[in-house]
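Asker: To start, I am sharing the structure in question, which I have written as structure tokens.
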Amino acid sequence: MLLQKQNYFKKAKLYRCDDCDFSFVNPKKIKAWHYHKLMTLNYVAVKGSIKIVLYDDRSLSKTKGAIQEIIISEDNHCLISIPPKIWNGFCSNDNNSAILANCSDIPHDKEEIIRVPFDDPKFPYKWKI
């Protein structure tokens with residue numbers, strides 16, 4: 001057990017978490033695309049293996065037009081922070097169900113999110129499931 005007075009906590013960076021929700025990811029089901037105007041997403045795989053895909057269409061960004069695929073799983077615990085204004089989506093990375101946790105920096109607000117279908121031609125990405 002670590003005590004707060006020990007030096008371990010001097011290196012820790014604290015993040016604000018105003019809302020924590022869980023997405024159940026069924027095999028062969030794509031949850032994409034969505035975009036948050038203000039919210040920073042913080043994704044962690046609780047169960048299974050999940051493919052997260054990011055797309056940057058910000059006009060002044062150095063990575064405009066870039067696609068990034070990230071695999072996270074219960075065996076590869078990573079915190080993936082996605083800033084506002086980055087399109088993202090996810091699916092199970094195999095034929096098993098998965099659970100994705102999102103601890104966001106602001107409370108959920110349905111007016112703050114934009115959703116479009118996974119096969120929208122705006123995105124230069126073909127989902128493979």
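Letters A, B, ... go to the chains of the structure tokens in the order shown; residues in each chain start at 1; ligands are counted from 1 in the same order.
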So which residues touch range 93-98 of chain A within 7 Å, counting only C-alpha atoms, skipping near sequence neighbours fewer than 2 positions away, as a PyMOL selection string?
Answerer: chain A and resi 24-27+47-51+91+100
Asker: Going by DSSP on the backbone, which residues of range 23-63 of chain A come out as strand (DSSP E or B)? List them as a VMD selection string.
Answerer: chain A and resid 23 to 25 30 to 36 41 to 47 49 to 55
Asker: What lies within 12 Å of range 56-60 of chain A using only C-alpha atoms, ignoring chain neighbours under 6 positions off, as a list in words?
Answerer: Trp33, His34, Tyr35, Lys37, Ala66, Ile67, Gln68, Ile82, Pro83, Pro84, Lys85, Ile86, Trp87, Asn88, Lys122, Phe123, Pro124 and Tyr125 of chain A
Asker: Closest to Phe118 in chain A among A:Val53, A:Cys20, A:Leu38, A:Ile80, using only C-alpha atoms?
Answerer: A:Val53
Asker: Using only C-alpha atoms, which of A:Trp127, A:Tyr43, A:Tyr55, A:Phe90 sits nearest Asp105 in chain A?
Answerer: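 Residue with the minimum atom-to-atom distance to Asp105 in chain A: A:Tyr43.
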Asker: Please measure the separation of CA of Ile70 in chain A and CA of Asp119 in chain A, giving the value in Å to one decimal.
Answerer: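 One can read the CA of Ile70 in chain A to CA of Asp119 in chain A distance as 19.0 Å.
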Asker: Would you work out the distance separating CA of Asp19 in chain A from CA of Ser73 in chain A, expressed in Å to one decimal?
Answerer: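 Atom-to-atom, CA of Asp19 in chain A to CA of Ser73 in chain A, that is 21.4 Å.
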Asker: Find the residues around Cys78 in chain A up to 8 Å (only C-alpha atoms counted), leave out those fewer than 5 positions away in its own chain, and share them as a list in words.
Answerer: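 Surrounding residues, per the criterion: Val44, Ala45, Ile72 and Ser73 of chain A.
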Asker: Have a look at CA of Ile114 in chain A and CA of Met39 in chain A and let me know their distance in Å, one decimal.
Answerer: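 For CA of Ile114 in chain A relative to CA of Met39 in chain A, the distance reads 11.6 Å.
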Asker: If you run DSSP on the backbone, which residues of chain A are helix (DSSP H, G or I), as an mmCIF file with all heavy atoms, in the first residue's frame?
Answerer:
```
data_model
loop_
_atom_site.group_PDB
_atom_site.id
_atom_site.type_symbol
_atom_site.label_atom_id
_atom_site.label_comp_id
_atom_site.auth_asym_id
_atom_site.auth_seq_id
_atom_site.Cartn_x
_atom_site.Cartn_y
_atom_site.Cartn_z
ATOM 1 N N ASN A 7 6.954 9.526 -1.633
ATOM 2 C CA ASN A 7 7.333 10.283 -2.823
ATOM 3 C C ASN A 7 6.647 9.819 -4.105
ATOM 4 O O ASN A 7 6.711 10.505 -5.102
ATOM 5 C CB ASN A 7 8.849 10.227 -3.021
ATOM 6 C CG ASN A 7 9.575 11.037 -1.979
ATOM 7 O OD1 ASN A 7 9.015 11.981 -1.425
ATOM 8 N ND2 ASN A 7 10.807 10.672 -1.687
ATOM 9 N N TYR A 8 6.018 8.658 -4.112
ATOM 10 C CA TYR A 8 5.381 8.145 -5.323
ATOM 11 C C TYR A 8 4.377 9.134 -5.901
ATOM 12 O O TYR A 8 4.205 9.230 -7.089
ATOM 13 C CB TYR A 8 4.672 6.819 -5.039
ATOM 14 C CG TYR A 8 5.588 5.735 -4.547
ATOM 15 C CD1 TYR A 8 5.578 5.330 -3.226
ATOM 16 C CD2 TYR A 8 6.481 5.114 -5.425
ATOM 17 C CE1 TYR A 8 6.418 4.336 -2.781
ATOM 18 C CE2 TYR A 8 7.326 4.120 -4.987
ATOM 19 C CZ TYR A 8 7.295 3.729 -3.664
ATOM 20 O OH TYR A 8 8.128 2.747 -3.223
ATOM 21 N N PHE A 9 3.693 9.859 -5.043
ATOM 22 C CA PHE A 9 2.625 10.727 -5.494
ATOM 23 C C PHE A 9 3.120 12.055 -6.044
ATOM 24 O O PHE A 9 2.374 12.772 -6.688
ATOM 25 C CB PHE A 9 1.617 10.961 -4.377
ATOM 26 C CG PHE A 9 0.818 9.727 -4.081
ATOM 27 C CD1 PHE A 9 1.195 8.873 -3.070
ATOM 28 C CD2 PHE A 9 -0.283 9.402 -4.852
ATOM 29 C CE1 PHE A 9 0.489 7.720 -2.810
ATOM 30 C CE2 PHE A 9 -1.005 8.243 -4.601
ATOM 31 C CZ PHE A 9 -0.622 7.408 -3.585
ATOM 32 N N LYS A 10 4.363 12.403 -5.844
ATOM 33 C CA LYS A 10 4.891 13.656 -6.376
ATOM 34 C C LYS A 10 4.960 13.622 -7.898
ATOM 35 O O LYS A 10 4.868 14.641 -8.551
ATOM 36 C CB LYS A 10 6.265 13.951 -5.790
ATOM 37 C CG LYS A 10 6.203 14.322 -4.331
ATOM 38 C CD LYS A 10 7.572 14.655 -3.796
ATOM 39 C CE LYS A 10 7.466 14.990 -2.317
ATOM 40 N NZ LYS A 10 8.770 15.258 -1.732
ATOM 41 N N LYS A 110 -25.704 15.926 -24.694
ATOM 42 C CA LYS A 110 -26.017 15.474 -26.052
ATOM 43 C C LYS A 110 -25.941 16.597 -27.081
ATOM 44 O O LYS A 110 -25.814 16.328 -28.278
ATOM 45 C CB LYS A 110 -27.378 14.783 -26.092
ATOM 46 C CG LYS A 110 -28.536 15.666 -25.769
ATOM 47 C CD LYS A 110 -29.830 14.885 -25.797
ATOM 48 C CE LYS A 110 -30.993 15.792 -25.411
ATOM 49 N NZ LYS A 110 -32.235 15.087 -25.354
ATOM 50 N N GLU A 111 -25.968 17.851 -26.653
ATOM 51 C CA GLU A 111 -25.837 18.979 -27.582
ATOM 52 C C GLU A 111 -24.380 19.232 -27.971
ATOM 53 O O GLU A 111 -24.090 19.972 -28.902
ATOM 54 C CB GLU A 111 -26.428 20.255 -26.953
ATOM 55 C CG GLU A 111 -27.892 20.133 -26.587
ATOM 56 C CD GLU A 111 -28.788 19.851 -27.782
ATOM 57 O OE1 GLU A 111 -28.553 20.460 -28.851
ATOM 58 O OE2 GLU A 111 -29.710 19.024 -27.652
ATOM 59 N N GLU A 112 -23.464 18.609 -27.262
ATOM 60 C CA GLU A 112 -22.031 18.850 -27.442
ATOM 61 C C GLU A 112 -21.385 17.833 -28.393
ATOM 62 O O GLU A 112 -20.239 17.972 -28.776
ATOM 63 C CB GLU A 112 -21.411 18.801 -26.027
ATOM 64 C CG GLU A 112 -19.949 19.084 -25.899
ATOM 65 C CD GLU A 112 -19.099 17.828 -26.010
ATOM 66 O OE1 GLU A 112 -19.592 16.706 -25.799
ATOM 67 O OE2 GLU A 112 -17.922 17.986 -26.339
#
```
